[in-house]
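What follows is entry16.pdb (PDB, C-alpha atoms and all ligand atoms).
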```
MODEL        1
ATOM      1  CA  MET A   1       0.000   0.000   0.000
ATOM      2  CA  ILE A   2       1.208   3.479  -0.856
ATOM      3  CA  THR A   3      -0.662   6.461   0.597
ATOM      4  CA  ARG A   4       0.148  10.149   0.392
ATOM      5  CA  PHE A   5      -0.547  13.497   1.917
ATOM      6  CA  ALA A   6      -0.371  16.243  -0.700
ATOM      7  CA  PRO A   7      -0.821  19.719   0.725
ATOM      8  CA  SER A   8      -0.678  22.860  -1.373
ATOM      9  CA  PRO A   9       1.847  25.114   0.410
ATOM     10  CA  THR A  10      -0.427  28.139   0.266
ATOM     11  CA  GLY A  11      -1.036  28.567   3.992
ATOM     12  CA  PRO A  12      -0.336  26.993   7.374
ATOM     13  CA  LEU A  13      -1.574  23.433   7.901
ATOM     14  CA  HIS A  14      -4.573  23.239  10.232
ATOM     15  CA  LEU A  15      -6.402  20.474  12.075
ATOM     16  CA  GLY A  16      -8.114  19.277   8.890
ATOM     17  CA  HIS A  17      -4.713  18.722   7.285
ATOM     18  CA  ALA A  18      -3.481  16.953  10.408
ATOM     19  CA  PHE A  19      -6.454  14.596  10.140
ATOM     20  CA  SER A  20      -5.737  13.808   6.470
ATOM     21  CA  ALA A  21      -2.017  13.320   7.012
ATOM     22  CA  LEU A  22      -2.468  11.151  10.127
ATOM     23  CA  THR A  23      -5.151   9.065   8.392
ATOM     24  CA  ALA A  24      -2.934   8.438   5.357
ATOM     25  CA  PHE A  25       0.046   7.661   7.590
ATOM     26  CA  ASP A  26      -1.879   5.304   9.906
ATOM     27  CA  LEU A  27      -3.434   3.421   6.972
ATOM     28  CA  ALA A  28       0.013   2.846   5.443
ATOM     29  CA  GLN A  29       1.534   1.840   8.783
ATOM     30  CA  ALA A  30      -1.275  -0.623   9.531
ATOM     31  CA  ALA A  31      -0.761  -2.305   6.162
ATOM     32  CA  GLY A  32       3.038  -2.300   6.324
ATOM     33  CA  GLY A  33       2.973   0.122   3.400
ATOM     34  CA  THR A  34       4.568   3.460   2.597
ATOM     35  CA  PHE A  35       3.383   6.963   3.363
ATOM     36  CA  LEU A  36       4.515   9.673   0.937
ATOM     37  CA  LEU A  37       4.519  13.426   1.257
ATOM     38  CA  ARG A  38       4.026  15.505  -1.886
ATOM     39  CA  MET A  39       3.951  19.255  -2.376
ATOM     40  CA  ASP A  40       1.084  20.273  -4.651
ATOM     41  CA  ASP A  41       2.702  23.555  -5.615
ATOM     42  CA  ILE A  42       1.445  24.044  -9.188
ATOM     43  CA  ASP A  43       0.031  27.415  -8.202
ATOM     44  CA  ARG A  44       3.274  29.383  -8.510
ATOM     45  CA  VAL A  45       1.768  32.578  -7.186
ATOM     46  CA  ARG A  46       0.136  31.275  -4.012
ATOM     47  CA  SER A  47       2.694  28.569  -3.101
ATOM     48  CA  LYS A  48       5.373  29.879  -0.728
ATOM     49  CA  PRO A  49       8.607  28.263   0.505
ATOM     50  CA  GLU A  50       7.818  29.344   4.064
ATOM     51  CA  TYR A  51       4.549  27.382   4.058
ATOM     52  CA  GLU A  52       6.359  24.376   2.662
ATOM     53  CA  ALA A  53       8.961  24.595   5.443
ATOM     54  CA  MET A  54       6.183  24.907   8.039
ATOM     55  CA  ALA A  55       4.435  21.831   6.631
ATOM     56  CA  PHE A  56       7.603  19.724   6.908
ATOM     57  CA  GLU A  57       8.090  20.891  10.470
ATOM     58  CA  ASP A  58       4.477  20.348  11.569
ATOM     59  CA  LEU A  59       4.249  16.886  10.024
ATOM     60  CA  ALA A  60       7.551  15.699  11.501
ATOM     61  CA  TRP A  61       6.447  17.041  14.873
ATOM     62  CA  LEU A  62       3.217  15.007  14.548
ATOM     63  CA  GLY A  63       5.452  11.938  14.315
ATOM     64  CA  LEU A  64       5.103  11.302  10.585
ATOM     65  CA  HIS A  65       7.983  10.231   8.387
ATOM     66  CA  TRP A  66       8.298   9.800   4.655
ATOM     67  CA  PRO A  67      10.947   8.962   2.077
ATOM     68  CA  GLU A  68      12.990  11.866   0.707
ATOM     69  CA  PRO A  69      13.134  13.605  -1.663
ATOM     70  CA  VAL A  70       9.480  14.585  -1.777
ATOM     71  CA  LEU A  71       7.906  15.145  -5.171
ATOM     72  CA  ARG A  72       7.028  18.730  -6.015
ATOM     73  CA  GLN A  73       4.330  19.209  -8.628
ATOM     74  CA  SER A  74       6.153  22.264  -9.923
ATOM     75  CA  ARG A  75       8.721  19.755 -11.277
ATOM     76  CA  SER A  76       6.109  17.525 -12.953
ATOM     77  CA  GLU A  77       5.436  19.660 -16.017
ATOM     78  CA  ASP A  78       6.761  17.124 -18.543
ATOM     79  CA  ARG A  79       4.419  14.474 -17.171
ATOM     80  CA  PHE A  80       1.466  16.865 -17.278
ATOM     81  CA  ARG A  81       2.255  17.794 -20.870
ATOM     82  CA  ALA A  82       2.481  14.112 -21.831
ATOM     83  CA  ALA A  83      -0.944  13.465 -20.276
ATOM     84  CA  LEU A  84      -2.440  16.386 -22.195
ATOM     85  CA  THR A  85      -0.919  15.034 -25.406
ATOM     86  CA  GLN A  86      -2.555  11.683 -24.667
ATOM     87  CA  LEU A  87      -5.974  13.283 -24.068
ATOM     88  CA  ASP A  88      -5.534  15.377 -27.209
ATOM     89  CA  ALA A  89      -4.758  12.261 -29.268
ATOM     90  CA  LEU A  90      -8.103  10.874 -28.064
ATOM     91  CA  GLY A  91      -9.780  14.103 -29.247
ATOM     92  CA  LEU A  92     -11.099  14.882 -25.765
ATOM     93  CA  ILE A  93      -9.736  18.356 -24.949
ATOM     94  CA  TYR A  94     -10.175  21.860 -26.288
ATOM     95  CA  PRO A  95      -8.821  25.357 -25.598
ATOM     96  CA  CYS A  96     -11.022  27.765 -23.669
ATOM     97  CA  SER A  97     -10.662  31.528 -23.420
ATOM     98  CA  CYS A  98     -13.709  32.181 -21.213
ATOM     99  CA  SER A  99     -13.276  34.260 -18.068
ATOM    100  CA  ARG A 100     -15.364  33.547 -14.965
ATOM    101  CA  GLY A 101     -17.554  36.499 -15.965
ATOM    102  CA  ASP A 102     -18.044  35.112 -19.501
ATOM    103  CA  ILE A 103     -19.068  31.748 -18.036
ATOM    104  CA  ALA A 104     -21.530  33.262 -15.572
ATOM    105  CA  ALA A 105     -23.052  35.415 -18.326
ATOM    106  CA  ALA A 106     -23.339  32.524 -20.792
ATOM    107  CA  ALA A 107     -24.821  30.228 -18.145
ATOM    108  CA  GLY A 108     -27.757  32.619 -17.788
ATOM    109  CA  ALA A 109     -30.413  32.454 -15.098
ATOM    110  CA  PRO A 110     -30.506  29.308 -12.933
ATOM    111  CA  GLN A 111     -33.134  26.760 -13.938
ATOM    112  CA  GLU A 112     -34.981  24.543 -11.542
ATOM    113  CA  GLY A 113     -33.495  21.085 -11.265
ATOM    114  CA  VAL A 114     -30.357  22.042 -13.233
ATOM    115  CA  PRO A 115     -27.245  22.236 -11.043
ATOM    116  CA  GLU A 116     -25.312  25.506 -11.414
ATOM    117  CA  PHE A 117     -22.114  24.457  -9.672
ATOM    118  CA  GLY A 118     -20.170  21.222  -9.437
ATOM    119  CA  PRO A 119     -16.851  20.130  -7.932
ATOM    120  CA  ASP A 120     -14.995  22.136 -10.613
ATOM    121  CA  GLY A 121     -16.987  25.317 -10.031
ATOM    122  CA  ARG A 122     -19.700  26.718 -12.267
ATOM    123  CA  ILE A 123     -20.788  24.136 -14.816
ATOM    124  CA  TYR A 124     -19.327  25.221 -18.127
ATOM    125  CA  PRO A 125     -21.954  26.269 -20.697
ATOM    126  CA  GLY A 126     -19.815  24.991 -23.597
ATOM    127  CA  THR A 127     -18.966  28.277 -25.326
ATOM    128  CA  CYS A 128     -15.520  27.145 -26.589
ATOM    129  CA  ARG A 129     -16.396  23.453 -27.033
ATOM    130  CA  GLY A 130     -15.486  22.381 -30.530
ATOM    131  CA  ARG A 131     -12.424  24.649 -30.771
ATOM    132  CA  ALA A 132      -9.406  22.662 -32.003
ATOM    133  CA  MET A 133      -6.258  22.238 -29.923
ATOM    134  CA  SER A 134      -4.309  23.549 -32.932
ATOM    135  CA  ASP A 135      -5.973  26.881 -32.108
ATOM    136  CA  LEU A 136      -4.553  26.947 -28.515
ATOM    137  CA  LYS A 137      -3.472  30.486 -27.510
ATOM    138  CA  PRO A 138      -1.007  31.298 -24.693
ATOM    139  CA  ASP A 139      -3.817  32.727 -22.539
ATOM    140  CA  ASP A 140      -6.187  29.783 -22.968
ATOM    141  CA  ALA A 141      -7.159  27.182 -20.414
ATOM    142  CA  ILE A 142      -7.798  23.614 -21.593
ATOM    143  CA  ARG A 143     -11.028  21.735 -20.882
ATOM    144  CA  LEU A 144     -12.114  18.126 -21.094
ATOM    145  CA  ASP A 145     -15.113  17.488 -23.331
ATOM    146  CA  MET A 146     -17.084  15.525 -20.761
ATOM    147  CA  GLU A 147     -19.628  14.106 -23.170
ATOM    148  CA  LYS A 148     -16.945  12.689 -25.463
ATOM    149  CA  ALA A 149     -14.890  11.482 -22.496
ATOM    150  CA  LEU A 150     -17.862   9.594 -21.036
ATOM    151  CA  ALA A 151     -18.429   7.933 -24.391
ATOM    152  CA  LYS A 152     -15.053   6.154 -23.983
ATOM    153  CA  GLY A 153     -16.749   3.358 -22.071
ATOM    154  CA  PRO A 154     -17.074   0.996 -20.362
ATOM    155  CA  LEU A 155     -17.064   3.411 -17.462
ATOM    156  CA  PRO A 156     -14.814   2.521 -14.542
ATOM    157  CA  ALA A 157     -15.624   2.292 -10.833
ATOM    158  CA  PHE A 158     -13.693   3.094  -7.695
ATOM    159  CA  LEU A 159     -13.590   1.466  -4.297
ATOM    160  CA  GLU A 160     -14.248   3.723  -1.321
ATOM    161  CA  ILE A 161     -13.009   2.259   1.936
ATOM    162  CA  GLY A 162     -13.695   5.312   4.123
ATOM    163  CA  PRO A 163     -16.492   5.266   6.685
ATOM    164  CA  GLU A 164     -18.816   7.779   4.993
ATOM    165  CA  GLN A 165     -19.755   6.206   1.622
ATOM    166  CA  PRO A 166     -18.096   2.796   1.624
ATOM    167  CA  GLY A 167     -18.368   0.475  -1.335
ATOM    168  CA  ASN A 168     -17.919   0.298  -5.059
ATOM    169  CA  HIS A 169     -18.935   3.447  -6.944
ATOM    170  CA  VAL A 170     -19.509   3.077 -10.671
ATOM    171  CA  LEU A 171     -19.273   6.401 -12.513
ATOM    172  CA  ASP A 172     -22.691   7.774 -13.429
ATOM    173  CA  PRO A 173     -22.491   9.438 -16.868
ATOM    174  CA  ASP A 174     -25.702  11.470 -16.509
ATOM    175  CA  ALA A 175     -24.665  12.817 -13.122
ATOM    176  CA  MET A 176     -21.210  13.692 -14.432
ATOM    177  CA  LEU A 177     -22.507  15.435 -17.517
ATOM    178  CA  ARG A 178     -25.119  17.487 -15.668
ATOM    179  CA  GLY A 179     -23.412  17.950 -12.319
ATOM    180  CA  ILE A 180     -19.740  18.346 -13.325
ATOM    181  CA  GLY A 181     -19.464  19.145 -17.032
ATOM    182  CA  ASP A 182     -16.359  20.148 -19.007
ATOM    183  CA  VAL A 183     -13.711  20.461 -16.278
ATOM    184  CA  VAL A 184     -10.515  22.462 -16.641
ATOM    185  CA  VAL A 185      -7.482  20.194 -17.104
ATOM    186  CA  ALA A 186      -4.936  22.994 -17.573
ATOM    187  CA  ARG A 187      -5.228  26.573 -16.390
ATOM    188  CA  LYS A 188      -3.928  29.552 -18.257
ATOM    189  CA  GLY A 189      -0.161  29.678 -17.766
ATOM    190  CA  GLN A 190      -0.006  26.350 -15.879
ATOM    191  CA  ALA A 191       0.918  22.923 -17.241
ATOM    192  CA  ALA A 192      -2.046  21.273 -15.493
ATOM    193  CA  ALA A 193      -4.987  22.053 -13.276
ATOM    194  CA  TYR A 194      -5.668  20.276  -9.984
ATOM    195  CA  HIS A 195      -7.711  17.312 -11.279
ATOM    196  CA  LEU A 196      -5.192  16.284 -13.920
ATOM    197  CA  SER A 197      -2.144  16.991 -11.762
ATOM    198  CA  VAL A 198      -3.244  14.714  -8.886
ATOM    199  CA  VAL A 199      -4.063  11.848 -11.230
ATOM    200  CA  VAL A 200      -0.753  12.123 -13.071
ATOM    201  CA  ASP A 201       1.373  12.432  -9.941
ATOM    202  CA  ASP A 202      -0.522   9.814  -7.911
ATOM    203  CA  THR A 203       0.218   7.500 -10.831
ATOM    204  CA  ALA A 204       3.875   8.551 -11.033
ATOM    205  CA  GLN A 205       4.252   7.819  -7.323
ATOM    206  CA  GLY A 206       2.432   4.482  -7.451
ATOM    207  CA  VAL A 207      -0.184   5.653  -4.937
ATOM    208  CA  THR A 208      -2.645   2.814  -4.286
ATOM    209  CA  LEU A 209      -4.846   4.497  -1.666
ATOM    210  CA  VAL A 210      -5.811   8.171  -1.686
ATOM    211  CA  ALA A 211      -6.811   9.363   1.799
ATOM    212  CA  ARG A 212      -8.310  12.868   2.024
ATOM    213  CA  GLY A 213     -11.330  14.819   3.231
ATOM    214  CA  MET A 214     -14.950  14.338   2.140
ATOM    215  CA  ASP A 215     -14.779  17.774   0.470
ATOM    216  CA  LEU A 216     -13.049  15.995  -2.430
ATOM    217  CA  PHE A 217     -15.440  13.038  -2.636
ATOM    218  CA  ASP A 218     -17.504  14.699  -5.399
ATOM    219  CA  ALA A 219     -14.334  15.385  -7.408
ATOM    220  CA  THR A 220     -13.298  11.727  -7.266
ATOM    221  CA  PRO A 221     -15.333  10.660 -10.348
ATOM    222  CA  ILE A 222     -13.328  13.247 -12.345
ATOM    223  CA  HIS A 223     -10.054  11.708 -11.142
ATOM    224  CA  VAL A 224     -11.249   8.174 -11.820
ATOM    225  CA  LEU A 225     -12.426   9.138 -15.313
ATOM    226  CA  LEU A 226      -9.077  10.807 -16.093
ATOM    227  CA  ALA A 227      -7.173   7.736 -14.862
ATOM    228  CA  HIS A 228      -9.399   5.573 -17.058
ATOM    229  CA  LEU A 229      -8.786   7.794 -20.118
ATOM    230  CA  LEU A 230      -5.033   7.843 -19.488
ATOM    231  CA  ASP A 231      -5.118   4.072 -19.061
ATOM    232  CA  VAL A 232      -3.449   4.078 -15.635
ATOM    233  CA  PRO A 233      -4.434   2.182 -12.458
ATOM    234  CA  ILE A 234      -7.312   3.563 -10.398
ATOM    235  CA  PRO A 235      -6.375   3.791  -6.709
ATOM    236  CA  ASP A 236      -8.740   3.042  -3.827
ATOM    237  CA  TYR A 237     -10.063   5.987  -1.829
ATOM    238  CA  HIS A 238     -10.617   6.784   1.818
ATOM    239  CA  HIS A 239     -12.491  10.048   2.346
ATOM    240  CA  HIS A 240     -12.728  11.107   5.962
ATOM    241  CA  ARG A 241     -15.276  13.363   7.650
ATOM    242  CA  LEU A 242     -14.410  17.053   7.766
ATOM    243  CA  ILE A 243     -13.103  18.934  10.754
ATOM    244  CA  ARG A 244     -15.381  21.893  11.344
ATOM    245  CA  ASP A 245     -15.190  25.038  13.425
ATOM    246  CA  GLU A 246     -17.661  25.884  16.169
ATOM    247  CA  HIS A 247     -20.049  27.321  13.570
ATOM    248  CA  GLY A 248     -20.043  24.065  11.633
ATOM    249  CA  LYS A 249     -17.933  25.513   8.826
ATOM    250  CA  ARG A 250     -15.174  23.452   7.227
ATOM    251  CA  LEU A 251     -11.727  24.738   8.179
ATOM    252  CA  ALA A 252     -10.039  26.818   5.485
ATOM    253  CA  LYS A 253      -6.385  27.633   4.846
ATOM    254  CA  ARG A 254      -6.849  31.090   6.255
ATOM    255  CA  ASP A 255      -8.228  29.573   9.465
ATOM    256  CA  ASP A 256      -4.980  30.342  11.267
ATOM    257  CA  ALA A 257      -6.732  29.944  14.623
ATOM    258  CA  ARG A 258      -6.583  26.190  14.125
ATOM    259  CA  ALA A 259      -3.105  26.010  12.620
ATOM    260  CA  ILE A 260      -1.069  23.080  13.908
ATOM    261  CA  SER A 261       1.780  25.514  14.598
ATOM    262  CA  LYS A 262      -0.452  27.553  16.882
ATOM    263  CA  TYR A 263      -1.395  24.518  18.981
ATOM    264  CA  ARG A 264       2.290  23.567  19.094
ATOM    265  CA  ALA A 265       3.237  27.024  20.316
ATOM    266  CA  GLU A 266       0.584  26.723  23.025
ATOM    267  CA  GLY A 267       2.181  23.513  24.285
ATOM    268  CA  ALA A 268      -0.110  20.863  22.773
ATOM    269  CA  THR A 269       1.389  17.412  22.145
ATOM    270  CA  PRO A 270       0.968  15.317  18.995
ATOM    271  CA  GLN A 271      -1.350  13.090  21.053
ATOM    272  CA  ASP A 272      -3.503  16.134  21.822
ATOM    273  CA  ILE A 273      -3.813  16.824  18.086
ATOM    274  CA  ARG A 274      -4.800  13.206  17.439
ATOM    275  CA  ALA A 275      -7.452  13.491  20.139
ATOM    276  CA  MET A 276      -8.726  16.815  18.762
ATOM    277  CA  VAL A 277      -9.408  15.262  15.329
ATOM    278  CA  GLY A 278     -10.955  12.181  16.889
ATOM    279  CA  LEU A 279      -8.189   9.659  16.267
TER     280      LEU A 279
HETATM  281  N1  LIG A 301      -3.384  19.390  -2.930
HETATM  282  C1  LIG A 301      -4.755  19.193  -2.615
HETATM  283  C2  LIG A 301      -5.212  20.124  -1.525
HETATM  284  O1  LIG A 301      -4.395  20.647  -0.800
HETATM  285  C3  LIG A 301      -5.062  17.789  -2.156
HETATM  286  C4  LIG A 301      -4.974  16.831  -3.237
HETATM  287  C5  LIG A 301      -5.771  15.582  -3.014
HETATM  288  O2  LIG A 301      -5.799  15.065  -1.885
HETATM  289  O3  LIG A 301      -6.291  15.094  -3.982
HETATM  290  O4  LIG A 301      -6.399  20.323  -1.399
ENDMDL
END
```

Encoding of this model in structure tokens:
Amino acid sequence: MITRFAPSPTGPLHLGHAFSALTAFDLAQAAGGTFLLRMDDIDRVRSKPEYEAMAFEDLAWLGLHWPEPVLRQSRSEDRFRAALTQLDALGLIYPCSCSRGDIAAAAGAPQEGVPEFGPDGRIYPGTCRGRAMSDLKPDDAIRLDMEKALAKGPLPAFLEIGPEQPGNHVLDPDAMLRGIGDVVVARKGQAAAYHLSVVVDDTAQGVTLVARGMDLFDATPIHVLLAHLLDVPIPDYHHHRLIRDEHGKRLAKRDDARAISKYRAEGATPQDIRAMVGL
């Protein structure tokens, strides 16, 4: 078993991150497997070396260990480009020049029973669909044509071993078309967007079990579909419940009040952190 914790170094790690990292570590330990740390630093603007250094320090303090060197997604560009070439050869991607404002305007007024947002944000109305990749401009993003991608059946399934939605989940094409739509696989100026980058690097690292929060459960069909299209193994998944603040809101990066480093500074022990997240 190979598990991983893959933070984006865009802020201090908080209790939610501690829960994900400890879960991934414990699952690997229990199976005699390997726990990996990866830095998901494709966002060059928001990723900061100081947050990366803090993450290493916090995780080591929690008692976690991992093989060095850790993989940094900022060094994975060749792999991302190769994956895009593969998707292009299948005729499944197209350039998109729409801004958020363009997308909101083209989507028009919400209609009853039609979801407006999915795990990749506002469901894309399809304005640029049909543009050829040969027409790709430096300022374009790249999207997956979901309808064409779903036609590359038979559709795969994934095994969820977490406590919330355990079992085998077969991808549902109608739900993915209506509730997710044409996701971004590369952002303007970046070699890949989140969904593609995790699939490519989880594959490169031989990850067999992805442990992370339930906030990413709805994005998992996108990852499983991309793995299927790229013809790489589909890992198992363990999505854990979310750590919430006293108002019931999921913790966010800017939630410095619950940063691991703050608890450390106040004299908490790693065992205290485990207890706080319910482990
Ligand atoms: N880098 C992602 C994040 O910080 C996590 C990736 C994943 O677990 O799939 O949200």

*Go ahead and find all residues with at least one atom no further than 10 Å from (7.0, 25.7, -11.1) in the file's coordinates, using all atoms listed in the file; report them as a list of chain:residue names.*
A:Asp41, A:Ile42, A:Asp43, A:Arg44, A:Val45, A:Ser47, A:Arg72, A:Gln73, A:Ser74, A:Arg75, A:Ser76, A:Glu77, A:Gln190, A:Ala191

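Distances here use all atoms listed in the file; by that measure, the residue among A:Phe158, A:Phe117, A:Tyr124, A:Trp61 closest to Ala105 (chain A) is A:Tyr124.
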
*Residues returned when the PyMOL selection byres (((chain A and resi 96-102) around 12) and not hetatm) runs on this file, as an MDAnalysis selection string*: chainID A and resid 93:95 103:108 121:133 135:145 182:188

*Excluding Arg46 (chain A) and residues on its chain fewer than 6 positions from it, collect all residues at most 10 Å away from it, counting all atoms listed in the file, and give them as number ranges by chain.*
A: 8-11

_Near-His169 (chain A) list (9 Å; all atoms listed in the file; drop same-chain fewer than 5 positions) as a PyMOL selection string_ = chain A and resi 156-160+221

_Using all atoms listed in the file for the distances, tell me which of A:Lys48, A:Arg79, A:His228, A:His238 is nearest to ligand LIG 301 (chain A)._
A:His238

*Taking the file as shown, find all residues satisfying the PyMOL selection byres (((chain A and resi 214) around 9) and not hetatm) and write them as a ChimeraX atom specification.*
/A:164,212-213,215-218,238-242

*asked:* Can you tell me which residues surround Lys152 (chain A) at a distance of at most 10 Å, considering all atoms listed in the file, apart from same-chain residues fewer than 3 positions away, and format the answer as a PyMOL selection string?
replied: chain A and resi 90+92+147-149+155+225+228-229
